[in-house]
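S.K.: I have a structure I would like to understand better, so I am pasting it below and will then ask my questions one at a time.
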Number of protein chains: 2
Amino acid sequence: MSRRDFHRATEAERRHDLIEATLDCISEAGLQGATVRQIANKAGVTAGLIRHYFASKEVILQEAYKVLIARLTEKAKNLDGTPEERLSSFIFVNLTEPVANSRSLSLWAAFISRVSVDPALAAIHREGYLSFRQELEQLLADFFAARGMAADPARDRTLAIAMNGILDGLWLEGCLAGELFGEGELVSIAFSSIEALIGHPIAAPTQSEPDREYRDALRIHHR
Amino acid sequence: MSRRDFHRATEAERRHDLIEATLDCISEAGLQGATVRQIANKAGVTAGLIRHYFASKEVILQEAYKVLIARLTEKAKNLDGTPEERLSSFIFVNLTEPVANSRSLSLWAAFISRVSVDPALAAIHREGYLSFRQELEQLLADFFAARGMAADPARDRTLAIAMNGILDGLWLEGCLAGELFGEGELVSIAFSSIEALIGHPIAAPTQSEPDREYRDALRIHHR
DNA sequence: CGATTTGTTATACGCTTGAATAACTGCGAG
DNA sequence: CTCGCAGTTATTCAAGCGTATAACAAATCG
């Protein structure tokens, strides 16, 4: 009847581990599987500890949502290069690993399904969404400016909405049924759609050239 | 201490009412709020009755998911008119009431978040998805045929994926943050994006002409 | 109009949940 | 090296969960 061994961690470490364990639980078993006992178990501690770091289970879920949003959007910020390169990378990054995979989607959907129920989650969501779209608007504004076109915030806003929708939708398709698509197929579709939408070609990112096959297929009837 | 009054309903009625109650519970309080007691309460019966019609709570959730999918896709099937009109209506229908609203989204997200956990739900999802996309592929094939273009299944498949992505993404944006967009704005964006994608103009549905303002705005820089 | 079926209610059971609390102990301060 | 505190464990609690089952009564049928 000996007590279990344990080590005392710093607050930052513990909170991080617990949040990470929460995300793992949700992705593996859904929100219903993220019980305080499961989370604690996955983090290698006992259930009571969670309440030592988070006022309630709701709070740890909110913190986990913030972390998820940050993780899904951080890759798309701090892009460098010319405006065209940044726009191109933005598209690519949002449709490939590690942003686009089934784990991301199940986590995202789990939280989204609670956004309309829990006002605290709704606030977190809204902030993340607006920030993402503003980032995109700026990218578009820079892109057009680099092409010598006049500033036009209304145009940029509309295009950002449209492009955000396209990226979200293709991200979703890729996450949900990635095995149905060829390598780079979704990225190619995104480039073709967005090029058509904004009326300018965009060079694909240099780091990894997706099949041009599909883009060519799409272009057959453009001209 | 009198027993509660009740009336005996047909199996079809009861099952319908219980499934409807399930969807209500989920949309109002998330999957966690859809307990057998809450569902029964909303349906005006007692909890035990649920197990009389459904082998388990899992089963009633699966049936509810089937109903939701049918409801989200039925409007997009059985469209009539010319191929162009049907394609146009398809876009419109999927981005306006009753398909696009916040209730639809919270229901959809709740189930999606379990698709990766529950194989039975995954099967239901996959069937609905493939059926939806095939419908769209057929629409596109008819559209191109009506324009005298050669049949090209690969092209139709690729375009269907892209268009499905665009519609999903814009549907999502509209459901999540409908109040951020102007009346008909998302529909206009969808038309512009898809016209650009497939390389042909599509007349908007006759029943309700969305603001052409946004479409014109998008077109400024095309040409 | 009484018998019978079966849809429905009512109640109970075992289990899990989020939370509260008491007991323990690793570890840095002194 | 010891002390004391705060991080951690262990235990408990009430509430709610899905499920099982027996009693009841509304509708049907002869």
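We name chains A, B, ... following the order of the structure tokens; residues begin at 1 in each chain, and ligands are numbered from 1 as shown.
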Could you tell me which residues of chain C sit within 8 Å of chain A when counting only C-alpha atoms (C1' of nucleotides), and give me the result as a list in words?
M.R.: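 Residues passing the distance filter: DT17, DG18 and DG26 of chain C.
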S.K.: Per residue of chain A within 7 Å of chain B, which atom pair is closest and at what distance in Å (one decimal), using only C-alpha atoms, listed by chain and increasing number, as a Markdown table?
M.R.:
```
| residue | atom | partner | partner_atom | distance |
| --- | --- | --- | --- | --- |
| A:Glu28 | CA | B:Val117 | CA | 6.8 |
| A:Ala29 | CA | B:Val117 | CA | 5.9 |
| A:Gly30 | CA | B:Arg114 | CA | 6.1 |
| A:Ser106 | CA | B:Ser113 | CA | 4.9 |
| A:Ala109 | CA | B:Ser113 | CA | 4.9 |
| A:Ala110 | CA | B:Ser113 | CA | 4.9 |
| A:Ile112 | CA | B:Ala109 | CA | 6.3 |
| A:Ser113 | CA | B:Ala110 | CA | 4.9 |
| A:Arg114 | CA | B:Gly30 | CA | 6.2 |
| A:Ser116 | CA | B:Ser106 | CA | 6.7 |
| A:Val117 | CA | B:Ala29 | CA | 5.8 |
| A:Arg155 | CA | B:Ala217 | CA | 6.6 |
| A:Ala162 | CA | B:Ile189 | CA | 6.0 |
| A:Gly165 | CA | B:Gly169 | CA | 4.1 |
| A:Ile166 | CA | B:Ile166 | CA | 4.5 |
| A:Asp168 | CA | B:Gly169 | CA | 4.9 |
| A:Gly169 | CA | B:Gly169 | CA | 3.7 |
| A:Leu170 | CA | B:Gly165 | CA | 4.7 |
| A:Glu173 | CA | B:Gly165 | CA | 6.4 |
| A:Ile189 | CA | B:Ala162 | CA | 6.0 |
| A:Ser193 | CA | B:Leu197 | CA | 5.3 |
| A:Ala196 | CA | B:Ala196 | CA | 5.1 |
| A:Leu197 | CA | B:Ser193 | CA | 5.3 |
| A:Gly199 | CA | B:His222 | CA | 5.2 |
| A:Ala217 | CA | B:Arg155 | CA | 6.5 |
| A:Leu218 | CA | B:Arg155 | CA | 6.6 |
| A:His221 | CA | B:Gly199 | CA | 6.6 |
| A:His222 | CA | B:Gly199 | CA | 5.4 |
```
S.K.: I need the chain D residues near chain A as a list in words; criterion: at most 7 Å, counting only C-alpha atoms (C1' of nucleotides).
M.R.: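 Taking only C-alpha atoms (C1' of nucleotides) into account, DG7, DT8 and DT9 of chain D sit within 7 Å of chain A.
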S.K.: May I ask for the distance between CA of Cys25 (chain A) and CA of Ala123 (chain B), given in Å to one decimal place?
M.R.: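 Between CA of Cys25 (chain A) and CA of Ala123 (chain B) the gap is 22.4 Å.
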S.K.: What is the distance, in Å and to one decimal place, between CA of Ala120 (chain B) and CA of Tyr65 (chain B)?
M.R.: 10.5 Å
S.K.: When you look at Arg71 (chain B) with a cut-off of 10 Å (counting only C-alpha atoms (C1' of nucleotides)), what residues show up, excluding the ones that are within fewer than 4 positions of it in the same chain? I need them as an mmCIF file with N, CA and C atoms, in the first residue's frame.
M.R.:
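Contents of selection_17.cif, as written:
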```
data_model
loop_
_atom_site.group_PDB
_atom_site.id
_atom_site.type_symbol
_atom_site.label_atom_id
_atom_site.label_comp_id
_atom_site.auth_asym_id
_atom_site.auth_seq_id
_atom_site.Cartn_x
_atom_site.Cartn_y
_atom_site.Cartn_z
ATOM 1 N N TYR B 65 -28.332 11.000 -37.334
ATOM 2 C CA TYR B 65 -27.335 11.489 -38.296
ATOM 3 C C TYR B 65 -27.829 11.262 -39.724
ATOM 4 N N LYS B 66 -28.421 10.093 -39.965
ATOM 5 C CA LYS B 66 -28.959 9.830 -41.295
ATOM 6 C C LYS B 66 -30.001 10.880 -41.675
ATOM 7 N N VAL B 67 -30.876 11.183 -40.729
ATOM 8 C CA VAL B 67 -31.918 12.174 -41.004
ATOM 9 C C VAL B 67 -31.300 13.531 -41.288
ATOM 10 N N LYS B 75 -32.535 18.994 -50.559
ATOM 11 C CA LYS B 75 -32.866 20.179 -51.337
ATOM 12 C C LYS B 75 -32.016 20.270 -52.600
ATOM 13 N N ALA B 76 -30.824 19.679 -52.536
ATOM 14 C CA ALA B 76 -29.914 19.793 -53.671
ATOM 15 C C ALA B 76 -30.160 18.685 -54.698
ATOM 16 N N PRO B 98 -33.009 26.496 -46.004
ATOM 17 C CA PRO B 98 -32.775 26.046 -44.621
ATOM 18 C C PRO B 98 -31.492 25.247 -44.449
ATOM 19 N N VAL B 99 -30.685 25.145 -45.506
ATOM 20 C CA VAL B 99 -29.467 24.344 -45.375
ATOM 21 C C VAL B 99 -28.415 25.088 -44.563
ATOM 22 N N SER B 104 -27.869 23.996 -38.316
ATOM 23 C CA SER B 104 -27.296 22.965 -39.182
ATOM 24 C C SER B 104 -25.840 22.724 -38.847
#
```
S.K.: May I ask for the distance between CA of Phe191 (chain B) and CA of Pro205 (chain A), given in Å to one decimal place?
M.R.: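 If I compute the distance from CA of Phe191 (chain B) to CA of Pro205 (chain A), I get 27.7 Å.
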S.K.: Which neighbours of Leu87 (chain A) fall inside 8 Å, counting only C-alpha atoms (C1' of nucleotides), when residues of the same chain fewer than 3 positions from it are skipped, and could you give them as a VMD selection string?
M.R.: chain A and resid 83 to 84 90 to 91 139 to 140 143
S.K.: Can you spit out the residues from that selection as a short mmCIF file (atom, residue, chain, number, x, y, z; two decimals), in the first residue's frame, using N, CA, C and O atoms?
M.R.:
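Saved file part_37.cif follows:
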```cif
data_model
loop_
_atom_site.label_atom_id
_atom_site.label_comp_id
_atom_site.auth_asym_id
_atom_site.auth_seq_id
_atom_site.Cartn_x
_atom_site.Cartn_y
_atom_site.Cartn_z
N PRO A 83 5.35 39.24 -51.53
CA PRO A 83 3.90 39.08 -51.31
C PRO A 83 3.35 37.85 -52.03
O PRO A 83 2.54 37.12 -51.47
N GLU A 84 3.81 37.62 -53.24
CA GLU A 84 3.32 36.46 -53.98
C GLU A 84 3.74 35.17 -53.30
O GLU A 84 2.95 34.24 -53.15
N PHE A 90 0.87 30.61 -47.89
CA PHE A 90 -0.33 30.60 -47.05
C PHE A 90 -1.28 29.50 -47.52
O PHE A 90 -1.82 28.73 -46.72
N ILE A 91 -1.47 29.44 -48.82
CA ILE A 91 -2.35 28.41 -49.37
C ILE A 91 -1.79 27.02 -49.08
O ILE A 91 -2.49 26.14 -48.57
N LEU A 139 -2.43 39.92 -46.60
CA LEU A 139 -1.67 39.20 -47.63
C LEU A 139 -2.16 39.60 -49.02
O LEU A 139 -1.35 39.84 -49.93
N LEU A 140 -3.46 39.68 -49.18
CA LEU A 140 -4.02 40.03 -50.48
C LEU A 140 -3.70 41.47 -50.84
O LEU A 140 -3.34 41.78 -51.98
N PHE A 143 -0.25 41.65 -51.94
CA PHE A 143 -0.12 41.02 -53.24
C PHE A 143 -0.52 41.97 -54.36
O PHE A 143 0.20 42.15 -55.35
#
```
